[in-house]
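Engineer: You'll find upload20.cif just under this line, and it carries mmCIF, N, CA and C atoms.
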```cif
data_structure
#
loop_
_atom_site.group_PDB
_atom_site.id
_atom_site.type_symbol
_atom_site.label_atom_id
_atom_site.label_comp_id
_atom_site.auth_asym_id
_atom_site.auth_seq_id
_atom_site.Cartn_x
_atom_site.Cartn_y
_atom_site.Cartn_z
ATOM 1 N N MET A 10 4.014 -11.373 -1.312
ATOM 2 C CA MET A 10 3.390 -10.063 -1.324
ATOM 3 C C MET A 10 4.313 -9.100 -2.058
ATOM 4 N N ASN A 11 3.730 -8.307 -2.959
ATOM 5 C CA ASN A 11 4.533 -7.325 -3.683
ATOM 6 C C ASN A 11 3.722 -6.038 -3.858
ATOM 7 N N TYR A 12 4.343 -5.056 -4.492
ATOM 8 C CA TYR A 12 3.723 -3.741 -4.672
ATOM 9 C C TYR A 12 2.351 -3.835 -5.340
ATOM 10 N N GLU A 13 2.278 -4.565 -6.431
ATOM 11 C CA GLU A 13 1.013 -4.656 -7.176
ATOM 12 C C GLU A 13 -0.098 -5.288 -6.337
ATOM 13 N N THR A 14 0.228 -6.325 -5.607
ATOM 14 C CA THR A 14 -0.770 -6.998 -4.772
ATOM 15 C C THR A 14 -1.253 -6.075 -3.662
ATOM 16 N N ILE A 15 -0.326 -5.388 -3.034
ATOM 17 C CA ILE A 15 -0.691 -4.464 -1.959
ATOM 18 C C ILE A 15 -1.562 -3.340 -2.510
ATOM 19 N N LYS A 16 -1.189 -2.791 -3.658
ATOM 20 C CA LYS A 16 -1.962 -1.708 -4.275
ATOM 21 C C LYS A 16 -3.382 -2.173 -4.600
ATOM 22 N N LYS A 17 -3.494 -3.345 -5.172
ATOM 23 C CA LYS A 17 -4.801 -3.893 -5.542
ATOM 24 C C LYS A 17 -5.669 -4.102 -4.298
ATOM 25 N N ASN A 18 -5.080 -4.679 -3.258
ATOM 26 C CA ASN A 18 -5.828 -4.926 -2.025
ATOM 27 C C ASN A 18 -6.274 -3.628 -1.362
ATOM 28 N N TYR A 19 -5.420 -2.610 -1.390
ATOM 29 C CA TYR A 19 -5.780 -1.322 -0.798
ATOM 30 C C TYR A 19 -6.920 -0.671 -1.578
ATOM 31 N N GLN A 20 -6.834 -0.702 -2.884
ATOM 32 C CA GLN A 20 -7.865 -0.082 -3.712
ATOM 33 C C GLN A 20 -9.210 -0.800 -3.586
ATOM 34 N N ARG A 21 -9.174 -2.087 -3.326
ATOM 35 C CA ARG A 21 -10.410 -2.862 -3.154
ATOM 36 C C ARG A 21 -10.974 -2.746 -1.737
ATOM 37 N N GLY A 22 -10.215 -2.079 -0.857
ATOM 38 C CA GLY A 22 -10.679 -1.887 0.512
ATOM 39 C C GLY A 22 -10.331 -3.031 1.451
ATOM 40 N N LEU A 23 -9.498 -3.948 0.977
ATOM 41 C CA LEU A 23 -9.105 -5.078 1.822
ATOM 42 C C LEU A 23 -7.989 -4.708 2.787
ATOM 43 N N TRP A 24 -7.224 -3.683 2.421
ATOM 44 C CA TRP A 24 -6.132 -3.200 3.263
ATOM 45 C C TRP A 24 -6.396 -1.761 3.651
ATOM 46 N N SER A 25 -5.977 -1.382 4.866
ATOM 47 C CA SER A 25 -6.062 0.008 5.309
ATOM 48 C C SER A 25 -4.704 0.677 5.068
ATOM 49 N N ALA A 26 -4.667 1.996 5.234
ATOM 50 C CA ALA A 26 -3.409 2.731 5.090
ATOM 51 C C ALA A 26 -2.401 2.240 6.132
ATOM 52 N N ALA A 27 -2.879 1.900 7.316
ATOM 53 C CA ALA A 27 -1.987 1.401 8.369
ATOM 54 C C ALA A 27 -1.331 0.093 7.941
ATOM 55 N N MET A 28 -2.088 -0.757 7.271
ATOM 56 C CA MET A 28 -1.534 -2.028 6.811
ATOM 57 C C MET A 28 -0.477 -1.804 5.727
ATOM 58 N N VAL A 29 -0.717 -0.818 4.865
ATOM 59 C CA VAL A 29 0.271 -0.476 3.837
ATOM 60 C C VAL A 29 1.563 -0.013 4.516
ATOM 61 N N ASN A 30 1.421 0.790 5.560
ATOM 62 C CA ASN A 30 2.601 1.286 6.274
ATOM 63 C C ASN A 30 3.359 0.167 6.988
ATOM 64 N N VAL A 31 2.665 -0.855 7.411
ATOM 65 C CA VAL A 31 3.339 -2.013 8.015
ATOM 66 C C VAL A 31 4.203 -2.711 6.964
ATOM 67 N N ALA A 32 3.715 -2.765 5.737
ATOM 68 C CA ALA A 32 4.498 -3.367 4.649
ATOM 69 C C ALA A 32 5.789 -2.584 4.423
ATOM 70 N N VAL A 33 5.740 -1.269 4.624
ATOM 71 C CA VAL A 33 6.955 -0.442 4.511
ATOM 72 C C VAL A 33 7.925 -0.817 5.628
ATOM 73 N N LYS A 34 7.423 -0.906 6.846
ATOM 74 C CA LYS A 34 8.270 -1.234 7.998
ATOM 75 C C LYS A 34 8.927 -2.601 7.845
ATOM 76 N N LYS A 35 8.230 -3.522 7.191
ATOM 77 C CA LYS A 35 8.773 -4.868 6.987
ATOM 78 C C LYS A 35 9.690 -4.950 5.770
ATOM 79 N N GLY A 36 9.788 -3.846 5.008
ATOM 80 C CA GLY A 36 10.689 -3.812 3.866
ATOM 81 C C GLY A 36 10.136 -4.421 2.591
ATOM 82 N N VAL A 37 8.825 -4.613 2.545
ATOM 83 C CA VAL A 37 8.206 -5.205 1.359
ATOM 84 C C VAL A 37 8.105 -4.172 0.242
ATOM 85 N N ILE A 38 7.742 -2.942 0.614
ATOM 86 C CA ILE A 38 7.666 -1.833 -0.341
ATOM 87 C C ILE A 38 8.376 -0.631 0.268
ATOM 88 N N THR A 39 8.667 0.363 -0.568
ATOM 89 C CA THR A 39 9.321 1.578 -0.072
ATOM 90 C C THR A 39 8.265 2.569 0.415
ATOM 91 N N ALA A 40 8.713 3.581 1.146
ATOM 92 C CA ALA A 40 7.808 4.628 1.616
ATOM 93 C C ALA A 40 7.202 5.375 0.435
ATOM 94 N N GLU A 41 7.979 5.551 -0.624
ATOM 95 C CA GLU A 41 7.477 6.238 -1.810
ATOM 96 C C GLU A 41 6.354 5.433 -2.471
ATOM 97 N N GLN A 42 6.532 4.122 -2.528
ATOM 98 C CA GLN A 42 5.492 3.262 -3.096
ATOM 99 C C GLN A 42 4.233 3.319 -2.240
ATOM 100 N N ALA A 43 4.392 3.347 -0.933
ATOM 101 C CA ALA A 43 3.235 3.433 -0.036
ATOM 102 C C ALA A 43 2.476 4.731 -0.280
ATOM 103 N N ASP A 44 3.201 5.845 -0.445
ATOM 104 C CA ASP A 44 2.552 7.122 -0.732
ATOM 105 C C ASP A 44 1.765 7.049 -2.029
ATOM 106 N N GLU A 45 2.339 6.423 -3.048
ATOM 107 C CA GLU A 45 1.658 6.278 -4.334
ATOM 108 C C GLU A 45 0.370 5.466 -4.177
ATOM 109 N N ILE A 46 0.441 4.395 -3.419
ATOM 110 C CA ILE A 46 -0.726 3.530 -3.207
ATOM 111 C C ILE A 46 -1.837 4.302 -2.495
ATOM 112 N N ILE A 47 -1.478 4.980 -1.436
ATOM 113 C CA ILE A 47 -2.473 5.689 -0.630
ATOM 114 C C ILE A 47 -3.076 6.858 -1.411
ATOM 115 N N LYS A 48 -2.249 7.573 -2.141
ATOM 116 C CA LYS A 48 -2.752 8.711 -2.930
ATOM 117 C C LYS A 48 -3.578 8.260 -4.118
ATOM 118 N N SER A 49 -3.322 7.067 -4.641
ATOM 119 C CA SER A 49 -4.053 6.593 -5.815
ATOM 120 C C SER A 49 -5.534 6.383 -5.513
ATOM 121 N N LYS A 50 -5.867 6.066 -4.284
ATOM 122 C CA LYS A 50 -7.272 5.839 -3.926
ATOM 123 C C LYS A 50 -8.014 7.144 -3.730
ATOM 124 N N GLU A 51 -7.297 8.228 -3.443
ATOM 125 C CA GLU A 51 -7.920 9.525 -3.200
ATOM 126 C C GLU A 51 -8.471 10.146 -4.478
ATOM 127 N N LYS A 52 -8.013 9.675 -5.627
ATOM 128 C CA LYS A 52 -8.443 10.256 -6.909
ATOM 129 C C LYS A 52 -9.863 9.867 -7.251
#
```
Could the structure of this file be written out as structure tokens, please?

Structural biologist:
Amino acid sequence: MNYETIKKNYQRGLWSAAMVNVAVKKGVITAEQADEIIKSKEK
């Protein structure tokens, strides 16, 4: 699992914001990357 995969899954609706935040807690992505992913869908 990496940033691009998480971003793609979130944008496709397969992942929720909570799941993205779990990836931050596990150290897979940074908090800044999570913010970018979550904000990218709002556009």

Engineer: Counting only C-alpha atoms, which of A:Glu13, A:Lys50, A:Arg21, A:Ala26 gets nearest to Ile38 (chain A)?

Structural biologist: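 Closest to Ile38 (chain A) of all the choices is A:Glu13.
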
Engineer: Report as a list in words all protein, DNA and RNA residues lying within 7 Å of Ala43 (chain A), evaluated on all atoms listed in the file, omitting residues in the same chain fewer than 4 positions from it.

Structural biologist: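 The residues satisfying every condition are Val29, Asn30, Ile38, Thr39, Ile47 and Lys48 of chain A.
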
Engineer: Contacts of Asn11 (chain A) at 8 Å or less, counting all atoms listed in the file, minus same-chain residues fewer than 5 places along, as a count of residues only?

Structural biologist: 4

Engineer: Rounded to one decimal place, report the atom C of Ser49 (chain A)-atom N of Met10 (chain A) distance in Å.

Structural biologist: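 Between atom C of Ser49 (chain A) and atom N of Met10 (chain A) the gap works out to 20.6 Å.
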
Engineer: Mind giving me the straight-line distance from CA of Ser25 (chain A) to atom N of Ala40 (chain A) in Å, one decimal?

Structural biologist: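 Distance reported for this atom pair: 15.8 Å.
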
Engineer: Could you pull out all residues of chain A with a DSSP call of alpha helix (DSSP H) and give them as an MDAnalysis selection string?

Structural biologist: chainID A and resid 12:20 26:34 40:51

Engineer: Go ahead and write the selection's residues with N, CA and C atoms as a short mmCIF file (atom, residue, chain, number, x, y, z; two decimals), in the coordinates of the input.

Structural biologist:
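Saved file part29.cif follows:
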```cif
data_model
loop_
_atom_site.label_atom_id
_atom_site.label_comp_id
_atom_site.auth_asym_id
_atom_site.auth_seq_id
_atom_site.Cartn_x
_atom_site.Cartn_y
_atom_site.Cartn_z
N TYR A 12 4.34 -5.06 -4.49
CA TYR A 12 3.72 -3.74 -4.67
C TYR A 12 2.35 -3.84 -5.34
N GLU A 13 2.28 -4.57 -6.43
CA GLU A 13 1.01 -4.66 -7.18
C GLU A 13 -0.10 -5.29 -6.34
N THR A 14 0.23 -6.32 -5.61
CA THR A 14 -0.77 -7.00 -4.77
C THR A 14 -1.25 -6.08 -3.66
N ILE A 15 -0.33 -5.39 -3.03
CA ILE A 15 -0.69 -4.46 -1.96
C ILE A 15 -1.56 -3.34 -2.51
N LYS A 16 -1.19 -2.79 -3.66
CA LYS A 16 -1.96 -1.71 -4.28
C LYS A 16 -3.38 -2.17 -4.60
N LYS A 17 -3.49 -3.34 -5.17
CA LYS A 17 -4.80 -3.89 -5.54
C LYS A 17 -5.67 -4.10 -4.30
N ASN A 18 -5.08 -4.68 -3.26
CA ASN A 18 -5.83 -4.93 -2.02
C ASN A 18 -6.27 -3.63 -1.36
N TYR A 19 -5.42 -2.61 -1.39
CA TYR A 19 -5.78 -1.32 -0.80
C TYR A 19 -6.92 -0.67 -1.58
N GLN A 20 -6.83 -0.70 -2.88
CA GLN A 20 -7.86 -0.08 -3.71
C GLN A 20 -9.21 -0.80 -3.59
N ALA A 26 -4.67 2.00 5.23
CA ALA A 26 -3.41 2.73 5.09
C ALA A 26 -2.40 2.24 6.13
N ALA A 27 -2.88 1.90 7.32
CA ALA A 27 -1.99 1.40 8.37
C ALA A 27 -1.33 0.09 7.94
N MET A 28 -2.09 -0.76 7.27
CA MET A 28 -1.53 -2.03 6.81
C MET A 28 -0.48 -1.80 5.73
N VAL A 29 -0.72 -0.82 4.86
CA VAL A 29 0.27 -0.48 3.84
C VAL A 29 1.56 -0.01 4.52
N ASN A 30 1.42 0.79 5.56
CA ASN A 30 2.60 1.29 6.27
C ASN A 30 3.36 0.17 6.99
N VAL A 31 2.66 -0.86 7.41
CA VAL A 31 3.34 -2.01 8.02
C VAL A 31 4.20 -2.71 6.96
N ALA A 32 3.72 -2.76 5.74
CA ALA A 32 4.50 -3.37 4.65
C ALA A 32 5.79 -2.58 4.42
N VAL A 33 5.74 -1.27 4.62
CA VAL A 33 6.96 -0.44 4.51
C VAL A 33 7.92 -0.82 5.63
N LYS A 34 7.42 -0.91 6.85
CA LYS A 34 8.27 -1.23 8.00
C LYS A 34 8.93 -2.60 7.84
N ALA A 40 8.71 3.58 1.15
CA ALA A 40 7.81 4.63 1.62
C ALA A 40 7.20 5.38 0.44
N GLU A 41 7.98 5.55 -0.62
CA GLU A 41 7.48 6.24 -1.81
C GLU A 41 6.35 5.43 -2.47
N GLN A 42 6.53 4.12 -2.53
CA GLN A 42 5.49 3.26 -3.10
C GLN A 42 4.23 3.32 -2.24
N ALA A 43 4.39 3.35 -0.93
CA ALA A 43 3.24 3.43 -0.04
C ALA A 43 2.48 4.73 -0.28
N ASP A 44 3.20 5.84 -0.44
CA ASP A 44 2.55 7.12 -0.73
C ASP A 44 1.76 7.05 -2.03
N GLU A 45 2.34 6.42 -3.05
CA GLU A 45 1.66 6.28 -4.33
C GLU A 45 0.37 5.47 -4.18
N ILE A 46 0.44 4.39 -3.42
CA ILE A 46 -0.73 3.53 -3.21
C ILE A 46 -1.84 4.30 -2.50
N ILE A 47 -1.48 4.98 -1.44
CA ILE A 47 -2.47 5.69 -0.63
C ILE A 47 -3.08 6.86 -1.41
N LYS A 48 -2.25 7.57 -2.14
CA LYS A 48 -2.75 8.71 -2.93
C LYS A 48 -3.58 8.26 -4.12
N SER A 49 -3.32 7.07 -4.64
CA SER A 49 -4.05 6.59 -5.82
C SER A 49 -5.53 6.38 -5.51
N LYS A 50 -5.87 6.07 -4.28
CA LYS A 50 -7.27 5.84 -3.93
C LYS A 50 -8.01 7.14 -3.73
N GLU A 51 -7.30 8.23 -3.44
CA GLU A 51 -7.92 9.52 -3.20
C GLU A 51 -8.47 10.15 -4.48
#
```

Engineer: Go ahead and fit an axis-aligned box to every listed atom of region 19-37 of chain A plus 4 Å each side, and pass me the centre and edge lengths in Å, one decimal, as JSON.

Structural biologist:
```
{"center_x": -0.1, "center_y": -1.2, "center_z": 2.3, "size_x": 29.7, "size_y": 15.9, "size_z": 20.1}
```
